[in-house]
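S.K.: First, the structure itself, so that you have it in front of you.
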Amino acid sequence: MSALLQIKNVTKKYGGLTANNDISFDVAENEILSVIGPNGAGKSTLFKMISSFVPTTSGEVLYRGERISNLKPHTVARKGVVRTFQETTIFKSMTVRESVVVAQHLRAKASLAGYFWGSKTARQDVESFGRYADELLEFLGMDSIADELASNLPQGNLRALGIAIGLATDPKVLLLDEPFAGMNHDETMRMVDLVRSVRDERGVTVMLVEHDMPAVMKISDRIVVLNFGEKIAEGSPSEIQNNEKVIEAYLGSADDEIGM
Amino acid sequence: MNFSAKQILGVAVFLLVIFVGVPMFIAATGRWDFYFTLTSVALLAIASAGVWLTFYIGRINIGQGAFALVGAYVSAILVVKAGWSFWISLPAAGLFAALVAVLLGLPILRLRGVYFAMITLVLTQVATLTALALPITNGAKGITNIPLPSGVSLFGLTLIPDFGQLENTRMAFYFTACILMIITYAALYRLVNSRLGHLCRSMQQNEELASSIGVNITYIRILIFAISSFFGGIGGAMFGSISQSVYPATFVVKDSVDFMLNCFLGGLGYVFGPMLGTLLIYFGWDLLFEFGKYQLLIYSTILIVVIRFLPDGLLSIRFGKGEKK
Ligand SMILES: Nc1ncnc2c1ncn2[C@@H]1O[C@H](COP(=O)(O)OP(=O)(O)OP(=O)(O)O)[C@@H](O)[C@H]1O
Ligand SMILES: [Mg+2]
């Protein structure tokens, strides 16, 4: 197993609170790895450090052997490591299609000035962005809502739009923070299949944080479990389901269930 | 880009009015002072275009007066002290204002909302005080007797006539200002509808998400603020040349506030909003002169009513919700 992403002894302290304590694990290329744990375990914090939205207190994250932690979010995105947000974050007054078009800007071949003057390369870019947007939205089954304003979408579709925006950047690693939140069972199962096909057909390595245990068990190749900022387990879905520490962690918290 | 027949017609009518209609009207009525008024409107509209652009990245800019003042001084100093042609000093003034914007923008563009607005509000006052303090700007006496723009010729062909030799300088300035204004708004329209404009929109709506898709928001912010201030510098430089003088109080805080109001009034969703806003505010203020001491009261009330009931600006009446020009 060659590690695409290496999380090495990552620690995050917020004042006296240790949100992540000395976390280490590897993510292999083309893997779907879930990070689970009770509320406040430090899952989102870990994702924010991997995408350089917050700096680490100590430790580092390597992508293909190169450090990507403690940089700027856009620099990490440019390298191909892109995150979506736990909170619903969209471009409110853009349509679904416009959002997916603007998210492709990293693939632009022409310069900003080229776009201003309308150079040939720029026109080709615009055309290819449009084509790819249509293709991507069809792939995601969102073509029927392509011209809807993002702010008019129902919750389930907003999540999907977040994923579409992330995918439009053509990432190598996609970090999805609670992608199935607000979706009903059918929508979740459809998204699970979709994320798998994103990995299978587009070669995207996926890390995700999720509370929906049946979905996590179905989608993941491997699972990392956090509790109070510590990594308490790592392994295949069946290993995690039978892990003593994990069961204990989940029994200890009232509002979560591991769904076994 | 494809333009609809309606848009082309609109632009044609607009050009006809400013380049044929207005001169004919002035010739017929003998109101030559109108040239000066309309020239001022055109130049203020250029500066307002810059303010509008900073709104486009989600920042309320109440500091354009500072950049207009910088532009006015740079051009005046280059023409009077260094003997440059006005036509070279004009872009130089814009570029200098843009440079100042980059240096100031690096720290202040991190601020958002009311904090950025307050800082920019202070800028104009700082610019005035700087102009009072520096030796090169001549303190309170300002720079006066700025020569009129000289001619430009290439291979014996007169491209721009010497303004000093012209019979009708006011008309020449009017045409120059209108042409500059048209170039400014054409550039703005183009910018907004190109990739840079789309990136600005993404930042305006959600900076975090924009950076997660790889937008270098710091860079774009600074670039936009620089372009915005470039427009301010150009407007200011041209203004100084017309009045043939620059004083520390040529642009004051009220001007900065007006630039911002021009944008609000015309509509932040419309590229041509600030142009309309500038025209209305300029004439509105003058018309209210009759009300004496109640001028400011009535003026402010009208503005508050407009902003309250037409949050998307006056142009939203015509174009309806959501549609963009
Ligand atoms: N900016 C911050 N400042 C201070 N404390 C923070 C900050 N961000 C997160 N925390 C704290 O760090 C801990 C981990 O938070 P985090 O958001 O990573 O949890 P999580 O595992 O994603 O939880 P959830 O499942 O509820 O999303 C929490 O106790 C949280 O209160
Ligand atoms: Mg979280």
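Chain labels follow the order of the structure tokens: the first chain is A, the next B, and so on; residue numbering restarts at 1 in every chain, and ligands are counted from 1 in their shown order.
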Pull out every residue of chain A sitting within 6 Å of chain B, counting only C-alpha atoms, and send them as an mmCIF file with C-alpha atoms, in the first residue's frame.
M.R.:
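The result, written out as out.cif:
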```cif
data_model
loop_
_atom_site.group_PDB
_atom_site.id
_atom_site.type_symbol
_atom_site.label_atom_id
_atom_site.label_comp_id
_atom_site.auth_asym_id
_atom_site.auth_seq_id
_atom_site.Cartn_x
_atom_site.Cartn_y
_atom_site.Cartn_z
ATOM 1 C CA PRO A 73 -6.229 26.668 1.589
ATOM 2 C CA HIS A 74 -6.024 27.678 -2.068
ATOM 3 C CA ALA A 77 -6.593 22.989 -3.367
ATOM 4 C CA ARG A 78 -4.267 23.664 -6.274
ATOM 5 C CA PHE A 91 -22.563 30.317 -3.597
ATOM 6 C CA ALA A 103 -15.209 25.870 -9.441
ATOM 7 C CA TYR A 115 -10.296 36.269 -20.368
ATOM 8 C CA PHE A 116 -10.624 40.027 -20.256
#
```
S.K.: So which bits of segment 33-196 of chain A end up strand (DSSP E) when you DSSP the backbone, as a ChimeraX atom specification?
M.R.: /A:33-36,58-63,66-67,81-83,173-177
S.K.: Could you turn the residues from that selection into a file that holds N, CA, C and O atoms, as an mmCIF file, in the first residue's frame?
M.R.:
```cif
data_model
loop_
_atom_site.group_PDB
_atom_site.id
_atom_site.type_symbol
_atom_site.label_atom_id
_atom_site.label_comp_id
_atom_site.auth_asym_id
_atom_site.auth_seq_id
_atom_site.Cartn_x
_atom_site.Cartn_y
_atom_site.Cartn_z
ATOM 1 N N LEU A 33 -11.735 6.380 2.854
ATOM 2 C CA LEU A 33 -11.456 6.246 4.280
ATOM 3 C C LEU A 33 -12.387 7.160 5.059
ATOM 4 O O LEU A 33 -12.474 8.354 4.775
ATOM 5 N N SER A 34 -13.094 6.579 6.038
ATOM 6 C CA SER A 34 -13.994 7.398 6.856
ATOM 7 C C SER A 34 -13.361 7.692 8.196
ATOM 8 O O SER A 34 -12.647 6.854 8.754
ATOM 9 N N VAL A 35 -13.621 8.906 8.672
ATOM 10 C CA VAL A 35 -13.212 9.274 10.017
ATOM 11 C C VAL A 35 -14.495 9.412 10.823
ATOM 12 O O VAL A 35 -15.370 10.206 10.458
ATOM 13 N N ILE A 36 -14.636 8.597 11.853
ATOM 14 C CA ILE A 36 -15.848 8.675 12.654
ATOM 15 C C ILE A 36 -15.485 8.971 14.102
ATOM 16 O O ILE A 36 -14.317 8.912 14.491
ATOM 17 N N SER A 58 1.233 21.019 16.161
ATOM 18 C CA SER A 58 2.474 20.322 15.839
ATOM 19 C C SER A 58 2.127 19.157 14.928
ATOM 20 O O SER A 58 0.967 18.812 14.761
ATOM 21 N N GLY A 59 3.146 18.561 14.330
ATOM 22 C CA GLY A 59 2.909 17.490 13.376
ATOM 23 C C GLY A 59 2.666 18.047 11.989
ATOM 24 O O GLY A 59 2.608 19.264 11.798
ATOM 25 N N GLU A 60 2.561 17.145 11.008
ATOM 26 C CA GLU A 60 2.375 17.620 9.635
ATOM 27 C C GLU A 60 1.584 16.627 8.807
ATOM 28 O O GLU A 60 1.421 15.463 9.181
ATOM 29 N N VAL A 61 1.077 17.119 7.676
ATOM 30 C CA VAL A 61 0.350 16.280 6.749
ATOM 31 C C VAL A 61 1.130 16.278 5.442
ATOM 32 O O VAL A 61 1.504 17.344 4.937
ATOM 33 N N LEU A 62 1.412 15.075 4.921
ATOM 34 C CA LEU A 62 2.145 14.991 3.661
ATOM 35 C C LEU A 62 1.240 14.456 2.567
ATOM 36 O O LEU A 62 0.453 13.531 2.788
ATOM 37 N N TYR A 63 1.348 15.057 1.392
ATOM 38 C CA TYR A 63 0.623 14.568 0.222
ATOM 39 C C TYR A 63 1.673 14.218 -0.827
ATOM 40 O O TYR A 63 2.454 15.082 -1.215
ATOM 41 N N GLU A 66 4.933 15.438 0.165
ATOM 42 C CA GLU A 66 5.163 16.875 0.248
ATOM 43 C C GLU A 66 4.245 17.458 1.326
ATOM 44 O O GLU A 66 3.068 17.108 1.385
ATOM 45 N N ARG A 67 4.775 18.345 2.147
ATOM 46 C CA ARG A 67 3.956 18.880 3.233
ATOM 47 C C ARG A 67 2.826 19.778 2.689
ATOM 48 O O ARG A 67 3.071 20.650 1.849
ATOM 49 N N VAL A 81 -5.947 18.671 -3.250
ATOM 50 C CA VAL A 81 -6.606 18.216 -2.021
ATOM 51 C C VAL A 81 -7.688 19.237 -1.668
ATOM 52 O O VAL A 81 -7.396 20.359 -1.292
ATOM 53 N N VAL A 82 -8.945 18.830 -1.838
ATOM 54 C CA VAL A 82 -10.057 19.779 -1.734
ATOM 55 C C VAL A 82 -11.057 19.302 -0.702
ATOM 56 O O VAL A 82 -11.390 18.130 -0.642
ATOM 57 N N ARG A 83 -11.527 20.253 0.122
ATOM 58 C CA ARG A 83 -12.483 19.858 1.158
ATOM 59 C C ARG A 83 -13.869 20.417 0.883
ATOM 60 O O ARG A 83 -14.013 21.454 0.242
ATOM 61 N N VAL A 173 -7.675 14.262 -4.070
ATOM 62 C CA VAL A 173 -8.210 13.823 -2.782
ATOM 63 C C VAL A 173 -9.383 14.729 -2.438
ATOM 64 O O VAL A 173 -9.263 15.954 -2.490
ATOM 65 N N LEU A 174 -10.524 14.117 -2.130
ATOM 66 C CA LEU A 174 -11.700 14.907 -1.772
ATOM 67 C C LEU A 174 -12.035 14.620 -0.315
ATOM 68 O O LEU A 174 -12.188 13.462 0.075
ATOM 69 N N LEU A 175 -12.112 15.689 0.488
ATOM 70 C CA LEU A 175 -12.449 15.534 1.901
ATOM 71 C C LEU A 175 -13.894 15.964 2.086
ATOM 72 O O LEU A 175 -14.224 17.129 1.875
ATOM 73 N N LEU A 176 -14.770 15.025 2.428
ATOM 74 C CA LEU A 176 -16.190 15.346 2.550
ATOM 75 C C LEU A 176 -16.573 15.339 4.027
ATOM 76 O O LEU A 176 -16.480 14.309 4.689
ATOM 77 N N ASP A 177 -16.986 16.501 4.522
ATOM 78 C CA ASP A 177 -17.365 16.585 5.934
ATOM 79 C C ASP A 177 -18.874 16.450 6.074
ATOM 80 O O ASP A 177 -19.625 17.371 5.761
#
```
S.K.: Give me the chain A side of the contact with ligand 1, cut-off 10 Å, one line per residue showing its nearest atom pair and distance in Å at one decimal, counting only C-alpha atoms and all ligand atoms, sorted by chain and residue number, as a tab-separated table.
M.R.:
```
residue	atom	partner	partner_atom_place_in_ligand_line	distance
A:Lys12	CA	ligand 1	12 (O)	8.5
A:Lys13	CA	ligand 1	5 (N)	8.1
A:Tyr14	CA	ligand 1	4 (C)	4.9
A:Gly15	CA	ligand 1	4 (C)	7.3
A:Gly16	CA	ligand 1	4 (C)	9.2
A:Leu17	CA	ligand 1	5 (N)	6.9
A:Thr18	CA	ligand 1	12 (O)	7.1
A:Ala19	CA	ligand 1	12 (O)	4.4
A:Asn20	CA	ligand 1	14 (C)	7.4
A:Val35	CA	ligand 1	21 (O)	8.9
A:Ile36	CA	ligand 1	21 (O)	7.7
A:Gly37	CA	ligand 1	21 (O)	6.3
A:Pro38	CA	ligand 1	25 (O)	5.9
A:Asn39	CA	ligand 1	25 (O)	3.6
A:Gly40	CA	ligand 1	19 (O)	3.5
A:Ala41	CA	ligand 1	21 (O)	3.8
A:Gly42	CA	ligand 1	18 (O)	3.1
A:Lys43	CA	ligand 1	21 (O)	3.7
A:Ser44	CA	ligand 1	22 (O)	3.6
A:Thr45	CA	ligand 1	18 (O)	3.6
A:Leu46	CA	ligand 1	18 (O)	6.4
A:Phe47	CA	ligand 1	18 (O)	8.0
A:Lys48	CA	ligand 1	18 (O)	8.3
A:Met49	CA	ligand 1	18 (O)	9.9
A:Val54	CA	ligand 1	1 (N)	8.6
A:Gln86	CA	ligand 1	27 (O)	7.0
A:Glu87	CA	ligand 1	27 (O)	9.1
A:Asp177	CA	ligand 1	22 (O)	8.1
A:Glu178	CA	ligand 1	27 (O)	7.9
A:Val209	CA	ligand 1	22 (O)	7.9
A:Glu210	CA	ligand 1	25 (O)	7.9
A:His211	CA	ligand 1	25 (O)	7.3
A:Leu226	CA	ligand 1	21 (O)	7.7
A:Asn227	CA	ligand 1	21 (O)	8.1
A:Phe228	CA	ligand 1	14 (C)	7.7
A:Gly229	CA	ligand 1	14 (C)	7.0
A:Asp256	CA	ligand 1	25 (O)	9.7
```
S.K.: Please produce a file of those selected residues containing C-alpha atoms, as an mmCIF file, in the first residue's frame.
M.R.:
```
data_model
loop_
_atom_site.group_PDB
_atom_site.id
_atom_site.type_symbol
_atom_site.label_atom_id
_atom_site.label_comp_id
_atom_site.auth_asym_id
_atom_site.auth_seq_id
_atom_site.Cartn_x
_atom_site.Cartn_y
_atom_site.Cartn_z
ATOM 1 C CA LYS A 12 -4.259 20.804 17.414
ATOM 2 C CA LYS A 13 -4.739 22.820 20.567
ATOM 3 C CA TYR A 14 -7.338 25.520 21.033
ATOM 4 C CA GLY A 15 -6.098 27.186 24.181
ATOM 5 C CA GLY A 16 -6.388 24.540 26.865
ATOM 6 C CA LEU A 17 -8.501 22.244 24.687
ATOM 7 C CA THR A 18 -6.733 19.572 22.674
ATOM 8 C CA ALA A 19 -8.970 18.987 19.654
ATOM 9 C CA ASN A 20 -6.546 16.527 18.023
ATOM 10 C CA VAL A 35 -13.212 9.274 10.017
ATOM 11 C CA ILE A 36 -15.848 8.675 12.654
ATOM 12 C CA GLY A 37 -16.301 9.553 16.289
ATOM 13 C CA PRO A 38 -18.785 11.167 18.669
ATOM 14 C CA ASN A 39 -19.623 14.891 18.445
ATOM 15 C CA GLY A 40 -16.668 17.061 19.301
ATOM 16 C CA ALA A 41 -14.178 14.229 18.749
ATOM 17 C CA GLY A 42 -12.088 16.433 16.468
ATOM 18 C CA LYS A 43 -13.034 15.082 13.039
ATOM 19 C CA SER A 44 -13.701 18.423 11.361
ATOM 20 C CA THR A 45 -10.606 19.875 12.974
ATOM 21 C CA LEU A 46 -8.526 17.138 11.388
ATOM 22 C CA PHE A 47 -10.010 17.865 7.959
ATOM 23 C CA LYS A 48 -9.353 21.560 8.399
ATOM 24 C CA MET A 49 -5.705 20.864 9.118
ATOM 25 C CA VAL A 54 -6.280 25.901 10.216
ATOM 26 C CA GLN A 86 -19.827 20.430 7.343
ATOM 27 C CA GLU A 87 -21.977 23.546 7.350
ATOM 28 C CA ASP A 177 -17.365 16.585 5.934
ATOM 29 C CA GLU A 178 -20.736 14.960 6.672
ATOM 30 C CA VAL A 209 -16.575 12.272 8.095
ATOM 31 C CA GLU A 210 -20.028 10.855 8.696
ATOM 32 C CA HIS A 211 -22.397 10.011 11.532
ATOM 33 C CA LEU A 226 -11.470 9.480 16.978
ATOM 34 C CA ASN A 227 -12.632 10.079 20.508
ATOM 35 C CA PHE A 228 -11.837 13.200 22.546
ATOM 36 C CA GLY A 229 -9.160 14.118 20.032
ATOM 37 C CA ASP A 256 -24.813 8.501 18.586
#
```
S.K.: Which one of A:Val101, A:Leu112, A:Met213, A:Leu140 sits closest to Glu127 of chain A if you count only C-alpha atoms?
M.R.: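 The shortest atom-to-atom distance to Glu127 of chain A comes from A:Val101.
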S.K.: Nearest to ligand 2 among A:Asn243, A:Thr95, A:Thr84, A:Asn70, with distances taken over only C-alpha atoms and all ligand atoms: which residue is it?
M.R.: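 Checking each candidate against ligand 2, we get A:Thr84 as the closest.
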S.K.: Counting only C-alpha atoms, what is within 12 Å of Phe283 of chain B, bar same-chain residues fewer than 6 positions away, as JSON, numbers by chain?
M.R.: {"B": [34, 37, 38, 40, 41, 262, 276, 277, 289, 299]}
S.K.: Write out, as a PDB file, in the first residue's frame, the residues just selected, with C-alpha atoms.
M.R.:
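Result file is again32.pdb:
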```
ATOM      1  CA  PHE B  34     -23.430  72.616 -18.370  1.00  0.00           C
ATOM      2  CA  THR B  37     -21.232  70.082 -14.721  1.00  0.00           C
ATOM      3  CA  LEU B  38     -21.475  67.088 -17.019  1.00  0.00           C
ATOM      4  CA  SER B  40     -17.636  66.520 -13.405  1.00  0.00           C
ATOM      5  CA  VAL B  41     -20.375  63.911 -13.458  1.00  0.00           C
ATOM      6  CA  ASN B 262     -23.665  56.735  -6.143  1.00  0.00           C
ATOM      7  CA  LEU B 276     -26.794  56.713 -13.124  1.00  0.00           C
ATOM      8  CA  GLY B 277     -26.280  57.164  -9.395  1.00  0.00           C
ATOM      9  CA  PHE B 289     -29.883  74.010  -3.133  1.00  0.00           C
ATOM     10  CA  TYR B 299     -31.120  64.877   0.532  1.00  0.00           C
TER      11      TYR B 299
END
```
S.K.: From segment 42-252 of chain B, collect each residue whose DSSP state is alpha helix (DSSP H) and return the set as JSON, numbers by chain.
M.R.: {"B": [42, 43, 44, 45, 46, 47, 48, 49, 50, 51, 52, 53, 54, 55, 56, 64, 65, 66, 67, 68, 69, 70, 71, 72, 73, 74, 75, 76, 77, 78, 79, 80, 86, 87, 88, 89, 90, 91, 92, 93, 94, 95, 96, 97, 98, 99, 100, 101, 102, 103, 104, 105, 106, 107, 108, 113, 114, 115, 116, 117, 118, 119, 120, 121, 122, 123, 124, 125, 126, 127, 128, 129, 130, 131, 132, 133, 169, 170, 171, 172, 173, 174, 175, 176, 177, 178, 179, 180, 181, 182, 183, 184, 185, 186, 187, 188, 189, 190, 191, 192, 195, 196, 197, 198, 199, 200, 201, 202, 203, 204, 205, 207, 208, 209, 210, 211, 212, 217, 218, 219, 220, 221, 222, 223, 224, 225, 226, 227, 228, 229, 230, 231, 232, 233, 234, 235, 236, 237, 238, 239, 240, 241, 242, 243]}
S.K.: Find the residues near Ile227 of chain B: any atom within 10 Å, counting only C-alpha atoms, skip ones fewer than 6 places away on the same chain, and give them as a ChimeraX atom specification.
M.R.: /B:49-51,53-54,94-95,97-99,101-102,188,221,233
S.K.: Taking N, CA and C atoms for each residue, export the selection above as a CSV table (one decimal), in the first residue's frame.
M.R.:
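Saved to result_34.csv:
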```
chain,number,residue,atom,x,y,z
B,49,ALA,N,-17.1,54.0,-10.3
B,49,ALA,CA,-17.0,52.7,-10.9
B,49,ALA,C,-16.0,51.8,-10.1
B,50,GLY,N,-14.9,52.5,-9.6
B,50,GLY,CA,-14.0,51.8,-8.8
B,50,GLY,C,-14.6,51.3,-7.5
B,51,VAL,N,-15.4,52.2,-6.9
B,51,VAL,CA,-16.0,51.8,-5.6
B,51,VAL,C,-17.0,50.7,-5.8
B,53,LEU,N,-16.7,48.4,-7.9
B,53,LEU,CA,-15.9,47.1,-8.1
B,53,LEU,C,-15.5,46.5,-6.7
B,54,THR,N,-15.1,47.4,-5.8
B,54,THR,CA,-14.8,46.8,-4.5
B,54,THR,C,-16.1,46.3,-3.8
B,94,GLY,N,-3.0,57.1,-12.3
B,94,GLY,CA,-3.8,55.9,-12.1
B,94,GLY,C,-2.9,54.8,-11.5
B,95,LEU,N,-1.7,54.6,-12.1
B,95,LEU,CA,-0.9,53.5,-11.6
B,95,LEU,C,-0.3,53.8,-10.2
B,97,ALA,N,-1.8,55.5,-7.9
B,97,ALA,CA,-3.0,55.2,-7.0
B,97,ALA,C,-3.1,53.7,-6.7
B,98,ALA,N,-2.9,53.0,-7.8
B,98,ALA,CA,-3.1,51.5,-7.7
B,98,ALA,C,-1.9,51.0,-6.8
B,99,LEU,N,-0.7,51.5,-7.0
B,99,LEU,CA,0.4,51.1,-6.1
B,99,LEU,C,0.1,51.3,-4.6
B,101,ALA,N,-2.7,51.6,-3.4
B,101,ALA,CA,-3.8,50.6,-3.0
B,101,ALA,C,-3.2,49.3,-2.6
B,102,VAL,N,-2.2,48.8,-3.4
B,102,VAL,CA,-1.6,47.5,-3.1
B,102,VAL,C,-1.0,47.5,-1.7
B,188,LEU,N,-15.1,47.8,-17.2
B,188,LEU,CA,-15.7,47.2,-16.0
B,188,LEU,C,-16.7,46.1,-16.4
B,221,ARG,N,-8.4,40.1,-4.1
B,221,ARG,CA,-8.8,41.2,-3.4
B,221,ARG,C,-7.9,42.4,-3.7
B,233,GLY,N,-7.8,57.2,-9.3
B,233,GLY,CA,-6.6,58.1,-9.6
B,233,GLY,C,-6.9,58.8,-10.9
```
S.K.: Please measure the separation of atom CA of Tyr219 of chain B and atom CA of Arg112 of chain B, giving the value in Å to one decimal.
M.R.: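 Those two atoms sit 15.6 Å apart.
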S.K.: Figure out the distance between atom CA of Asp286 of chain B and atom CA of Leu132 of chain B, please, to one decimal in Å.
M.R.: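 Straight-line distance from atom CA of Leu132 of chain B to atom CA of Asp286 of chain B works out to 28.9 Å.
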S.K.: Quick one: residues within 12 Å of segment 187-194 of chain A, only C-alpha atoms counted, chain neighbours fewer than 2 positions away excluded, as a ChimeraX atom specification?
M.R.: /A:32,136-142,155-157,159-161,163-164,167,176,178-185,196-202,204,206,208,210-220
S.K.: So, with only C-alpha atoms and all ligand atoms as the atoms that count, which of A:Thr169, A:Arg97, A:Asn30, A:Phe85 lies closest to ligand 2?
M.R.: A:Phe85
S.K.: Quick check, in Å to one decimal: how far apart do atom CA of Ile242 of chain B and atom CA of Thr184 of chain B lie?
M.R.: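 Taking atom CA of Ile242 of chain B and atom CA of Thr184 of chain B, their separation equals 18.6 Å.
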